[in-house]
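Enquirer: Sharing run.cif below, mmCIF, C-alpha atoms (C1' of nucleotides):
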data_target
#
loop_
_atom_site.label_atom_id
_atom_site.label_comp_id
_atom_site.auth_asym_id
_atom_site.auth_seq_id
_atom_site.Cartn_x
_atom_site.Cartn_y
_atom_site.Cartn_z
CA MET A 21 0.00 0.00 0.00
CA HIS A 22 1.35 3.39 -0.94
CA ALA A 23 -1.69 5.65 -1.24
CA ILE A 24 -5.34 6.23 -0.43
CA HIS A 25 -7.83 7.26 -3.08
CA ALA A 26 -10.58 9.82 -3.49
CA ILE A 27 -13.29 9.46 -6.12
CA ARG A 28 -13.42 12.21 -8.73
CA PHE A 29 -16.52 10.82 -10.45
CA GLY A 30 -18.29 7.49 -10.76
CA SER A 31 -19.16 5.01 -8.00
CA PHE A 32 -17.55 1.98 -6.40
CA LYS A 33 -18.30 -0.98 -4.19
CA SER A 34 -15.76 -1.69 -1.44
CA TYR A 35 -15.56 -5.16 0.02
CA VAL A 36 -13.60 -7.62 2.11
CA LEU A 37 -13.17 -11.32 1.42
CA SER A 38 -12.93 -14.30 3.73
CA GLN A 39 -10.28 -16.94 3.10
CA ASP A 40 -12.73 -19.17 1.31
CA GLY A 41 -13.89 -16.37 -0.95
CA ARG A 42 -17.10 -15.17 0.67
CA MET A 43 -17.61 -11.47 0.05
CA GLN A 44 -18.97 -8.79 2.33
CA ILE A 45 -19.50 -5.46 0.65
CA THR A 46 -18.68 -2.80 3.23
CA GLY A 47 -20.04 0.20 1.40
CA PHE A 48 -20.85 1.98 -1.82
CA GLN A 49 -18.82 5.12 -2.51
CA ILE A 50 -19.66 8.02 -4.76
CA ALA A 51 -17.87 11.15 -6.00
CA GLY A 52 -16.10 13.07 -3.26
CA GLU A 53 -15.67 10.12 -0.92
CA ALA A 54 -12.48 8.35 0.10
CA MET A 55 -11.38 4.72 -0.17
CA GLY A 56 -8.63 2.70 1.46
CA LEU A 57 -8.71 4.39 4.85
CA ALA A 58 -8.98 1.12 6.71
CA ASP A 59 -5.45 0.20 5.79
CA LEU A 60 -3.55 3.28 6.98
CA ALA A 61 -2.44 1.44 10.08
CA SER A 62 -1.44 -1.92 8.67
CA GLY A 63 0.11 -0.55 5.50
CA ARG A 64 -1.41 -3.42 3.54
CA HIS A 65 -4.61 -3.29 1.51
CA THR A 66 -7.16 -5.68 2.97
CA THR A 67 -10.04 -3.84 1.36
CA GLU A 68 -10.72 -4.09 -2.34
CA ALA A 69 -12.92 -1.89 -4.48
CA GLN A 70 -14.50 -2.24 -7.85
CA ALA A 71 -16.04 0.42 -10.08
CA LEU A 72 -19.76 0.11 -10.77
CA GLU A 73 -19.56 2.42 -13.78
CA PRO A 74 -16.88 4.39 -15.63
CA ALA A 75 -15.05 6.38 -12.95
CA SER A 76 -12.02 8.50 -12.17
CA LEU A 77 -9.80 8.44 -9.11
CA CYS A 78 -7.49 10.84 -7.34
CA GLU A 79 -4.50 9.14 -5.76
CA ILE A 80 -3.14 10.55 -2.49
CA PRO A 81 0.29 9.09 -1.66
CA LEU A 82 0.98 8.36 1.99
CA SER A 83 3.94 10.72 1.94
CA HIS A 84 1.58 13.58 1.07
CA LEU A 85 -0.53 12.70 4.07
CA ASP A 86 2.45 13.05 6.35
CA ASN A 87 3.34 16.41 4.86
CA LEU A 88 -0.20 17.67 5.24
CA ASN A 89 -0.29 16.51 8.85
CA ARG A 90 2.91 18.38 9.54
CA GLU A 91 2.06 21.62 7.83
CA LEU A 92 -1.68 21.84 8.21
CA PRO A 93 -3.05 20.92 11.66
CA SER A 94 -6.61 21.54 10.47
CA PHE A 95 -6.06 18.79 7.92
CA SER A 96 -5.28 16.34 10.71
CA ARG A 97 -8.57 17.06 12.41
CA GLN A 98 -10.40 16.81 9.13
CA LEU A 99 -8.92 13.44 8.26
CA GLN A 100 -9.65 12.22 11.77
CA GLY A 101 -13.23 13.35 11.23
CA ILE A 102 -13.50 11.35 8.01
CA LEU A 103 -12.06 8.28 9.71
CA SER A 104 -14.41 8.74 12.63
CA SER A 105 -17.49 8.99 10.45
CA GLU A 106 -16.35 5.88 8.63
CA ILE A 107 -16.34 4.12 11.99
CA HIS A 108 -19.80 5.49 12.58
CA HIS A 109 -20.93 3.99 9.28
CA TYR A 110 -19.57 0.61 10.29
CA GLN A 111 -21.39 0.77 13.61
CA SER A 112 -24.68 1.19 11.78
CA LEU A 113 -23.72 -1.62 9.45
CA ALA A 114 -22.91 -3.90 12.39
CA LEU A 115 -26.24 -3.12 14.01
CA MET A 116 -27.93 -3.92 10.73
CA LEU A 117 -26.04 -7.15 10.03
CA GLY A 118 -26.26 -8.36 13.59
CA ARG A 119 -29.75 -7.45 14.65
CA LYS A 120 -32.09 -6.51 11.82
CA THR A 121 -34.47 -8.54 9.69
CA ALA A 122 -34.09 -8.61 5.92
CA GLU A 123 -37.07 -6.26 5.57
CA GLU A 124 -35.57 -3.71 7.95
CA ARG A 125 -32.25 -3.91 6.16
CA LEU A 126 -33.62 -3.11 2.74
CA ALA A 127 -35.85 -0.32 4.04
CA THR A 128 -32.86 1.21 5.83
CA PHE A 129 -30.73 0.86 2.73
CA LEU A 130 -33.23 2.60 0.46
CA LEU A 131 -33.66 5.47 2.91
CA ASP A 132 -29.90 5.86 3.27
CA LEU A 133 -29.47 6.03 -0.48
CA SER A 134 -32.31 8.49 -0.75
CA ALA A 135 -30.80 10.77 1.88
CA ARG A 136 -27.41 10.57 0.23
CA TYR A 137 -28.78 11.54 -3.16
CA LYS A 138 -30.66 14.38 -1.55
CA THR A 139 -27.54 15.91 0.02
CA ARG A 140 -25.91 15.71 -3.41
CA GLY A 141 -28.68 17.74 -4.97
CA PHE A 142 -30.42 14.85 -6.72
CA SER A 143 -34.01 13.80 -6.25
CA PRO A 144 -34.53 11.79 -3.06
CA GLN A 145 -37.61 10.09 -4.51
CA THR A 146 -36.38 8.95 -7.89
CA PHE A 147 -32.95 7.58 -8.61
CA SER A 148 -31.11 4.91 -10.49
CA LEU A 149 -29.21 2.23 -8.58
CA SER A 150 -25.66 1.73 -9.72
CA MET A 151 -25.45 -1.72 -8.14
CA SER A 152 -27.14 -5.06 -8.85
CA ARG A 153 -29.60 -6.86 -6.59
CA ASP A 154 -26.82 -9.29 -5.74
CA ASP A 155 -24.55 -6.43 -4.68
CA ILE A 156 -27.27 -5.08 -2.42
CA GLY A 157 -27.63 -8.52 -0.87
CA THR A 158 -23.89 -8.87 -0.44
CA TYR A 159 -23.91 -5.53 1.35
CA LEU A 160 -26.94 -6.26 3.53
CA GLY A 161 -25.84 -9.77 4.47
CA ILE A 162 -28.74 -11.47 2.71
CA ALA A 163 -29.17 -13.41 -0.53
CA GLY A 164 -29.83 -11.61 -3.80
CA GLU A 165 -33.07 -13.54 -4.16
CA THR A 166 -34.27 -12.17 -0.84
CA VAL A 167 -33.58 -8.64 -2.09
CA CYS A 168 -35.70 -9.36 -5.18
CA ARG A 169 -38.57 -10.72 -3.14
CA LEU A 170 -38.50 -7.68 -0.87
CA PHE A 171 -38.45 -5.29 -3.81
CA SER A 172 -41.53 -7.07 -5.10
CA ARG A 173 -43.24 -6.95 -1.72
CA PHE A 174 -42.47 -3.25 -1.17
CA GLN A 175 -43.94 -2.64 -4.59
CA GLU A 176 -47.11 -4.66 -3.93
CA GLU A 177 -47.60 -2.69 -0.73
CA GLY A 178 -47.21 0.59 -2.57
CA LEU A 179 -44.05 1.66 -0.75
CA ILE A 180 -41.91 1.95 -3.83
CA GLU A 181 -42.03 1.53 -7.56
CA ALA A 182 -39.07 -0.29 -9.02
CA ARG A 183 -38.37 -1.29 -12.55
CA ARG A 184 -35.00 -2.96 -12.67
CA ARG A 185 -32.42 -0.36 -11.52
CA LEU A 186 -34.79 2.57 -11.51
CA VAL A 187 -36.35 3.21 -8.10
CA HIS A 188 -39.15 5.53 -7.14
CA ILE A 189 -39.89 5.97 -3.45
CA LEU A 190 -43.61 6.49 -2.94
CA SER A 191 -43.92 6.48 0.84
CA PRO A 192 -40.76 7.45 2.75
CA ASP A 193 -42.76 7.53 5.99
CA ARG A 194 -43.99 3.96 5.83
CA LEU A 195 -40.52 2.93 4.73
CA ARG A 196 -39.07 4.66 7.78
CA ALA A 197 -41.57 2.83 9.95
CA LEU A 198 -40.33 -0.48 8.55
CA ALA A 199 -36.68 0.41 9.01
CA HIS A 200 -36.83 0.74 12.81
CA ASN A 201 -33.73 2.87 12.86
CA MET B 8 -19.44 14.85 23.88
CA HIS B 9 -16.35 16.53 25.26
CA ALA B 10 -13.76 13.80 25.52
CA ILE B 11 -12.59 10.37 24.46
CA HIS B 12 -11.43 7.78 26.94
CA ALA B 13 -8.56 5.37 27.35
CA ILE B 14 -8.77 2.38 29.68
CA ARG B 15 -6.27 2.34 32.54
CA PHE B 16 -7.34 -1.07 33.84
CA GLY B 17 -10.39 -3.28 33.64
CA SER B 18 -12.48 -4.20 30.61
CA PHE B 19 -15.56 -2.85 28.85
CA LYS B 20 -18.19 -3.76 26.32
CA SER B 21 -19.02 -1.06 23.75
CA TYR B 22 -22.34 -1.16 21.97
CA VAL B 23 -24.85 0.68 19.84
CA LEU B 24 -28.62 0.55 20.20
CA SER B 25 -31.39 0.66 17.62
CA GLN B 26 -34.40 2.89 18.22
CA ASP B 27 -36.42 0.02 19.57
CA GLY B 28 -33.68 -1.04 21.96
CA ARG B 29 -31.95 -3.89 20.21
CA MET B 30 -28.27 -3.99 21.14
CA GLN B 31 -25.25 -4.76 19.02
CA ILE B 32 -22.03 -5.03 20.97
CA THR B 33 -19.30 -3.62 18.76
CA GLY B 34 -16.31 -4.76 20.74
CA PHE B 35 -14.72 -5.64 24.05
CA GLN B 36 -11.96 -3.31 25.20
CA ILE B 37 -9.16 -3.97 27.65
CA ALA B 38 -6.44 -1.89 29.33
CA GLY B 39 -4.56 0.38 26.96
CA GLU B 40 -7.34 0.64 24.39
CA ALA B 41 -9.45 3.66 23.48
CA MET B 42 -13.21 4.23 23.48
CA GLY B 43 -15.46 6.85 21.91
CA LEU B 44 -13.47 7.32 18.71
CA ALA B 45 -16.51 6.82 16.51
CA ASP B 46 -17.99 10.07 17.65
CA LEU B 47 -15.11 12.45 16.96
CA ALA B 48 -16.81 13.64 13.79
CA SER B 49 -20.37 14.03 14.96
CA GLY B 50 -19.54 15.46 18.37
CA ARG B 51 -22.31 13.36 19.89
CA HIS B 52 -21.91 10.03 21.63
CA THR B 53 -23.76 7.34 19.72
CA THR B 54 -21.69 4.59 21.25
CA GLU B 55 -22.13 3.53 24.85
CA ALA B 56 -19.87 1.41 26.97
CA GLN B 57 -20.27 -0.53 30.18
CA ALA B 58 -17.62 -1.92 32.50
CA LEU B 59 -17.47 -5.70 32.83
CA GLU B 60 -15.47 -5.50 36.04
CA PRO B 61 -14.05 -2.79 38.29
CA ALA B 62 -12.13 -0.46 35.99
CA SER B 63 -10.42 2.88 35.70
CA LEU B 64 -10.52 5.39 32.87
CA CYS B 65 -8.32 8.16 31.55
CA GLU B 66 -10.29 11.05 30.08
CA ILE B 67 -8.83 12.90 27.10
CA PRO B 68 -10.69 16.18 26.43
CA LEU B 69 -11.22 17.12 22.80
CA SER B 70 -9.32 20.37 23.33
CA HIS B 71 -6.23 18.35 24.28
CA LEU B 72 -6.56 16.44 21.02
CA ASP B 73 -6.46 19.67 19.05
CA ASN B 74 -3.40 20.85 20.95
CA LEU B 75 -1.62 17.56 20.39
CA ASN B 76 -2.44 17.68 16.68
CA ARG B 77 -1.01 21.17 16.45
CA GLU B 78 2.15 20.61 18.41
CA LEU B 79 2.96 16.99 17.71
CA PRO B 80 2.53 15.84 14.11
CA SER B 81 3.56 12.31 15.03
CA PHE B 82 0.55 12.21 17.33
CA SER B 83 -1.73 12.92 14.39
CA ARG B 84 -0.41 9.96 12.49
CA GLN B 85 -0.65 7.78 15.56
CA LEU B 86 -4.26 8.70 16.22
CA GLN B 87 -5.05 8.14 12.55
CA GLY B 88 -3.46 4.72 12.88
CA ILE B 89 -5.66 3.86 15.84
CA LEU B 90 -8.75 5.03 13.99
CA SER B 91 -7.71 3.06 10.94
CA SER B 92 -7.23 -0.17 12.86
CA GLU B 93 -10.62 0.38 14.45
CA ILE B 94 -12.05 0.48 10.93
CA HIS B 95 -10.17 -2.70 10.21
CA HIS B 96 -11.78 -4.34 13.22
CA TYR B 97 -15.22 -3.34 12.01
CA GLN B 98 -14.52 -4.79 8.59
CA SER B 99 -13.80 -8.17 10.15
CA LEU B 100 -16.92 -7.81 12.26
CA ALA B 101 -19.03 -7.00 9.19
CA LEU B 102 -17.65 -10.04 7.38
CA MET B 103 -18.51 -12.13 10.41
CA LEU B 104 -22.01 -10.75 10.94
CA GLY B 105 -22.86 -10.77 7.27
CA ARG B 106 -21.39 -14.01 6.01
CA LYS B 107 -20.40 -16.47 8.71
CA THR B 108 -22.27 -19.28 10.42
CA ALA B 109 -22.72 -19.29 14.17
CA GLU B 110 -20.04 -21.97 14.49
CA GLU B 111 -17.52 -19.95 12.50
CA ARG B 112 -18.30 -16.87 14.56
CA LEU B 113 -17.64 -18.47 17.91
CA ALA B 114 -14.47 -20.19 16.69
CA THR B 115 -13.22 -16.87 15.33
CA PHE B 116 -14.11 -15.11 18.56
CA LEU B 117 -12.25 -17.58 20.75
CA LEU B 118 -9.16 -17.41 18.58
CA ASP B 119 -9.25 -13.61 18.58
CA LEU B 120 -9.45 -13.54 22.35
CA SER B 121 -6.67 -16.09 22.64
CA ALA B 122 -4.41 -14.02 20.37
CA ARG B 123 -5.18 -10.88 22.30
CA TYR B 124 -4.35 -12.46 25.62
CA LYS B 125 -1.14 -13.78 24.14
CA THR B 126 0.07 -10.34 23.02
CA ARG B 127 -0.64 -9.11 26.56
CA GLY B 128 1.60 -11.76 28.04
CA PHE B 129 -1.15 -14.03 29.33
CA SER B 130 -1.67 -17.67 28.45
CA PRO B 131 -3.29 -18.08 25.04
CA GLN B 132 -4.69 -21.50 26.03
CA THR B 133 -6.27 -20.77 29.38
CA PHE B 134 -8.15 -17.62 30.25
CA SER B 135 -11.20 -16.33 32.02
CA LEU B 136 -13.92 -14.59 30.04
CA SER B 137 -14.98 -11.25 31.43
CA MET B 138 -18.28 -11.31 29.54
CA SER B 139 -21.40 -13.48 29.77
CA ARG B 140 -22.69 -15.90 27.13
CA ASP B 141 -25.37 -13.38 26.29
CA ASP B 142 -22.77 -10.67 25.74
CA ILE B 143 -20.87 -12.96 23.39
CA GLY B 144 -24.07 -13.60 21.47
CA THR B 145 -24.90 -9.91 21.34
CA TYR B 146 -21.44 -9.32 19.90
CA LEU B 147 -21.56 -12.18 17.40
CA GLY B 148 -25.08 -11.44 16.22
CA ILE B 149 -26.51 -14.71 17.53
CA ALA B 150 -28.66 -15.71 20.51
CA GLY B 151 -27.10 -16.44 23.88
CA GLU B 152 -28.59 -19.93 23.74
CA THR B 153 -26.77 -20.61 20.50
CA VAL B 154 -23.50 -19.60 22.15
CA CYS B 155 -24.21 -22.09 24.93
CA ARG B 156 -24.99 -24.90 22.52
CA LEU B 157 -21.80 -24.21 20.60
CA PHE B 158 -19.70 -24.17 23.76
CA SER B 159 -21.17 -27.55 24.57
CA ARG B 160 -20.52 -28.90 21.09
CA PHE B 161 -16.94 -27.61 20.98
CA GLN B 162 -16.41 -29.33 24.30
CA GLU B 163 -17.94 -32.64 23.17
CA GLU B 164 -15.65 -32.56 20.15
CA GLY B 165 -12.60 -31.97 22.33
CA LEU B 166 -11.81 -28.53 20.91
CA ILE B 167 -12.08 -26.68 24.19
CA GLU B 168 -12.81 -27.23 27.83
CA ALA B 169 -15.14 -24.68 29.34
CA ARG B 170 -16.55 -24.46 32.80
CA ARG B 171 -18.65 -21.34 33.04
CA ARG B 172 -16.31 -18.37 32.40
CA LEU B 173 -13.11 -20.37 32.47
CA VAL B 174 -11.96 -21.48 29.03
CA HIS B 175 -9.22 -23.86 28.06
CA ILE B 176 -8.37 -24.16 24.38
CA LEU B 177 -7.31 -27.72 23.60
CA SER B 178 -6.95 -27.65 19.83
CA PRO B 179 -6.26 -24.22 18.31
CA ASP B 180 -5.64 -25.85 14.95
CA ARG B 181 -8.99 -27.52 14.63
CA LEU B 182 -10.59 -24.33 15.92
CA ARG B 183 -8.80 -22.39 13.21
CA ALA B 184 -10.09 -24.86 10.65
CA LEU B 185 -13.64 -24.19 11.83
CA ALA B 186 -13.20 -20.43 11.78
CA HIS B 187 -12.51 -20.16 8.04
CA ASN B 188 -10.85 -16.79 8.47
"C1'" DC C 25 -30.95 -12.97 -34.00
"C1'" DG C 26 -29.08 -14.99 -30.12
"C1'" DC C 27 -26.22 -14.97 -26.30
"C1'" DA C 28 -25.00 -13.44 -21.55
"C1'" DG C 29 -26.09 -11.34 -17.47
"C1'" DC C 30 -29.52 -9.69 -14.51
"C1'" DT C 31 -33.99 -10.27 -12.37
"C1'" DT C 32 -37.95 -12.59 -10.79
"C1'" DT C 33 -40.57 -16.27 -8.74
"C1'" DG C 34 -41.43 -20.97 -6.82
"C1'" DA C 35 -40.62 -24.98 -3.77
"C1'" DA C 36 -38.21 -27.30 -0.21
"C1'" DC C 37 -34.89 -27.26 3.33
"C1'" DG C 38 -32.35 -26.03 7.38
"C1'" DG C 39 -29.90 -23.11 10.77
"C1'" DA C 40 -30.73 -20.34 14.27
"C1'" DG C 41 -34.37 -17.99 17.09
"C1'" DT C 42 -37.82 -18.25 20.61
"C1'" DC C 43 -40.00 -19.99 24.53
"C1'" DA C 44 -39.70 -22.57 28.47
"C1'" DA C 45 -37.91 -25.37 32.11
"C1'" DA C 46 -34.16 -27.27 34.87
"C1'" DC C 47 -29.81 -26.55 36.79
"C1'" DT C 48 -25.79 -24.21 38.72
"C1'" DA C 49 -23.11 -20.91 41.43
"C1'" DA C 50 -22.56 -17.04 44.07
"C1'" DG C 51 -24.21 -13.92 47.06
"C1'" DT C 52 -27.34 -12.05 50.99
"C1'" DG C 53 -29.36 -11.80 55.18
"C1'" DG C 54 -31.43 -14.08 59.17
"C1'" DC D 16 -24.18 -21.93 58.67
"C1'" DC D 17 -28.13 -22.49 56.14
"C1'" DA D 18 -32.37 -21.07 53.64
"C1'" DC D 19 -33.41 -17.98 49.99
"C1'" DT D 20 -32.72 -14.98 46.12
"C1'" DT D 21 -30.83 -13.75 41.91
"C1'" DA D 22 -28.26 -13.96 37.79
"C1'" DG D 23 -26.25 -16.74 34.58
"C1'" DT D 24 -25.95 -21.22 32.12
"C1'" DT D 25 -27.59 -25.30 29.90
"C1'" DT D 26 -30.72 -28.14 27.31
"C1'" DG D 27 -34.97 -29.38 24.77
"C1'" DA D 28 -38.87 -28.72 21.49
"C1'" DC D 29 -40.92 -26.19 18.08
"C1'" DT D 30 -41.16 -22.50 14.71
"C1'" DC D 31 -39.90 -19.55 11.07
"C1'" DC D 32 -37.13 -16.53 8.26
"C1'" DG D 33 -34.08 -16.61 4.88
"C1'" DT D 34 -31.15 -19.82 1.94
"C1'" DT D 35 -30.56 -22.84 -1.76
"C1'" DC D 36 -31.58 -24.81 -5.99
"C1'" DA D 37 -33.96 -24.41 -10.11
"C1'" DA D 38 -36.44 -22.59 -13.90
"C1'" DA D 39 -38.32 -18.93 -16.52
"C1'" DG D 40 -38.47 -14.00 -18.00
"C1'" DC D 41 -36.24 -9.56 -19.34
"C1'" DT D 42 -32.92 -6.38 -21.58
"C1'" DG D 43 -29.35 -4.85 -23.97
"C1'" DC D 44 -25.56 -5.61 -26.93
"C1'" DG D 45 -22.45 -7.67 -30.39
#
Kindly transcribe the structure held in the file into structure tokens.

Expert:
Amino acid sequence: MHAIHAIRFGSFKSYVLSQDGRMQITGFQIAGEAMGLADLASGRHTTEAQALEPASLCEIPLSHLDNLNRELPSFSRQLQGILSSEIHHYQSLALMLGRKTAEERLATFLLDLSARYKTRGFSPQTFSLSMSRDDIGTYLGIAGETVCRLFSRFQEEGLIEARRRLVHILSPDRLRALAHN
Amino acid sequence: MHAIHAIRFGSFKSYVLSQDGRMQITGFQIAGEAMGLADLASGRHTTEAQALEPASLCEIPLSHLDNLNRELPSFSRQLQGILSSEIHHYQSLALMLGRKTAEERLATFLLDLSARYKTRGFSPQTFSLSMSRDDIGTYLGIAGETVCRLFSRFQEEGLIEARRRLVHILSPDRLRALAHN
DNA sequence: CGCAGCTTTGAACGGAGTCAAACTAAGTGG
DNA sequence: CCACTTAGTTTGACTCCGTTCAAAGCTGCG
């Protein structure tokens, strides 16, 4: 490992693998977010990432990090903030993977995505998923088939409208009620 | 939130709660380790911790952190390293909670503990758990009863010897084979 | 057109949860 | 020192959510 990366445009899935090849996706990153932070300490990349669409990266060599730390104390705090919020993300993920039902997981996931698109200036109701059903399952700790079934059920119940990757959130409130955040 | 904490002696369980009160234990900390790092960014404590035995804490006010960052660049890197390895821990946890069977989880947990005791100079084969079966389950994302059953099974199969909190690891190798790390 | 990769849906199975009861072990107070 | 309480552990029986395996349906692309 010699650098961390920031996304200029495009989106990625980050994941870890067990010895026998099982995958756990740890997050989906979009433009402006960082990747590879988990490995600052060890100096080895244990996380991998894969682009979900054409994308562009900005490489930040470790040596630059040291320089910035030395010369710009506000940078230190900022980086620590990014690391800290990453930890926060993982805490939510752990709560989800350890204690939530499949239904709660997908509801939470859709609301998270929605909120994220909103802060980026996109519509929080209508958006296009950049990842497959299988990817969603691999992130939520459930099978891709279960994700499909839930999409269908949410649709039957009038919570969302989904046609392949295109998602339309009809009732954020009822979705929030399902999520039990 | 006004400070983070380091453990002087004793041990803790850290956890997060869902709205409806479900608990996910995110880790067990022992002397020399830090707590509260997840909340540096938000400035609010979303993590809670509870002592598992008589313990003593060292409080580190946030203002001190800023001073240290300003005056001691090596401290910045060190703190970033701690944060980064915390992220690394959560990645393993996510892999465990998302993709492993109950059996694999407990085997992994016992080996982790064993390794941790070893680095602290204690016996890696024989140690006393500071947490209950329920706590272990709440950490591993399984029911306390399942933990009990697995303890019994591991014992029947000659992998460990456990009498209440006292654990003796008989066959680390076979345990490692079960863990599938 | 036809292939390849998603997505969707069905049927059957199984691992772990839940509920409940019995069994320690360690205090606590009379 | 013993009866009593309390918290944790262990085990059993039953249930159910989500997985697995399989087949069929879409969509887009070469």

Enquirer: What separation in Å, quoted to one decimal, exists between atom CA of B:Glu93 and atom CA of A:Ile45?

Expert: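 Going from atom CA of B:Glu93 over to atom CA of A:Ile45 covers 17.4 Å.
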
Enquirer: Please identify every residue of chain B that has at least one atom no more than 7 Å from any atom of chain A, counting only C-alpha atoms, and report them as a VMD selection string.

Expert: chain B and resid 25 to 27 29 31 44 to 48 76 to 77 80 83 87 to 88 90 to 92 94 to 95 97 101 to 102 104 to 106 148 187 to 188

Enquirer: Pull out every residue of chain D that has at least one atom within 8 Å of chain B, counting all atoms listed in the file, and report them as a count of residues only.

Expert: 3

Enquirer: Please report as a PyMOL selection string which residues of chain C come no farther than 12 Å from chain B, using only C-alpha atoms (C1' of nucleotides).

Expert: chain C and resi 39-43+48-49

Enquirer: Check which residues satisfy the PyMOL selection byres ((chain A and resi 146) around 9) in the file shown, then give them as an mmCIF file with C-alpha atoms, in the coordinates of the input.

Expert:
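Generated file (result_9.cif):
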data_model
loop_
_atom_site.group_PDB
_atom_site.id
_atom_site.type_symbol
_atom_site.label_atom_id
_atom_site.label_comp_id
_atom_site.auth_asym_id
_atom_site.auth_seq_id
_atom_site.Cartn_x
_atom_site.Cartn_y
_atom_site.Cartn_z
ATOM 1 C CA SER A 134 -32.310 8.490 -0.750
ATOM 2 C CA PHE A 142 -30.420 14.850 -6.720
ATOM 3 C CA SER A 143 -34.010 13.800 -6.250
ATOM 4 C CA PRO A 144 -34.530 11.790 -3.060
ATOM 5 C CA GLN A 145 -37.610 10.090 -4.510
ATOM 6 C CA PHE A 147 -32.950 7.580 -8.610
ATOM 7 C CA SER A 148 -31.110 4.910 -10.490
ATOM 8 C CA LEU A 186 -34.790 2.570 -11.510
ATOM 9 C CA VAL A 187 -36.350 3.210 -8.100
ATOM 10 C CA HIS A 188 -39.150 5.530 -7.140
ATOM 11 C CA ILE A 189 -39.890 5.970 -3.450
#

Enquirer: What residues come out when you apply the PyMOL selection byres ((chain D and resi 35-43) around 10) to this file, written as a list in words?

Expert: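 The output of the PyMOL selection byres ((chain D and resi 35-43) around 10) on this file is Ala163, Glu165 and Arg184 of chain A; DA28, DG29, DC30, DT31, DT32, DT33, DG34, DA35, DA36, DC37 and DG38 of chain C; DG33, DT34, DC44 and DG45 of chain D.
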
Enquirer: Using the selection just defined, write its residues with C-alpha atoms (C1' of nucleotides) as a PDB file, in the coordinates of the input.

Expert:
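Result file follows (part-v9.pdb):
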ATOM      1  CA  ALA A 163     -29.170 -13.410  -0.530  1.00  0.00           C
ATOM      2  CA  GLU A 165     -33.070 -13.540  -4.160  1.00  0.00           C
ATOM      3  CA  ARG A 184     -35.000  -2.960 -12.670  1.00  0.00           C
TER       4      ARG A 184
ATOM      5  C1'  DA C  28     -25.000 -13.440 -21.550  1.00  0.00           C
ATOM      6  C1'  DG C  29     -26.090 -11.340 -17.470  1.00  0.00           C
ATOM      7  C1'  DC C  30     -29.520  -9.690 -14.510  1.00  0.00           C
ATOM      8  C1'  DT C  31     -33.990 -10.270 -12.370  1.00  0.00           C
ATOM      9  C1'  DT C  32     -37.950 -12.590 -10.790  1.00  0.00           C
ATOM     10  C1'  DT C  33     -40.570 -16.270  -8.740  1.00  0.00           C
ATOM     11  C1'  DG C  34     -41.430 -20.970  -6.820  1.00  0.00           C
ATOM     12  C1'  DA C  35     -40.620 -24.980  -3.770  1.00  0.00           C
ATOM     13  C1'  DA C  36     -38.210 -27.300  -0.210  1.00  0.00           C
ATOM     14  C1'  DC C  37     -34.890 -27.260   3.330  1.00  0.00           C
ATOM     15  C1'  DG C  38     -32.350 -26.030   7.380  1.00  0.00           C
TER      16       DG C  38
ATOM     17  C1'  DG D  33     -34.080 -16.610   4.880  1.00  0.00           C
ATOM     18  C1'  DT D  34     -31.150 -19.820   1.940  1.00  0.00           C
ATOM     19  C1'  DC D  44     -25.560  -5.610 -26.930  1.00  0.00           C
ATOM     20  C1'  DG D  45     -22.450  -7.670 -30.390  1.00  0.00           C
TER      21       DG D  45
END

Enquirer: Could you name the residues that touch D:DT21 at 12 Å or less, counting all atoms listed in the file, but leaving out those on the same chain fewer than 5 positions away, as an NGL selection string?

Expert: :C and (49-52)

Enquirer: Just give me the gap between atom CA of B:Ala114 and atom C1' of C:DA46 in Å, one decimal is fine.

Expert: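 If I compute the distance from atom CA of B:Ala114 to atom C1' of C:DA46, I get 27.7 Å.
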
Enquirer: Any idea what the distance is between atom CA of B:Val154 and atom CA of B:Phe19?

Expert: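 Straight-line distance from atom CA of B:Val154 to atom CA of B:Phe19 works out to 19.7 Å.
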
Enquirer: Would you compute an axis-aligned box for stretch 43-47 of chain C, covering every atom listed for it in the file with 5 Å of margin on each side, and report centre and edge lengths in Å to one decimal as JSON?

Expert:
{"center_x": -34.9, "center_y": -23.6, "center_z": 30.7, "size_x": 20.2, "size_y": 17.3, "size_z": 22.3}
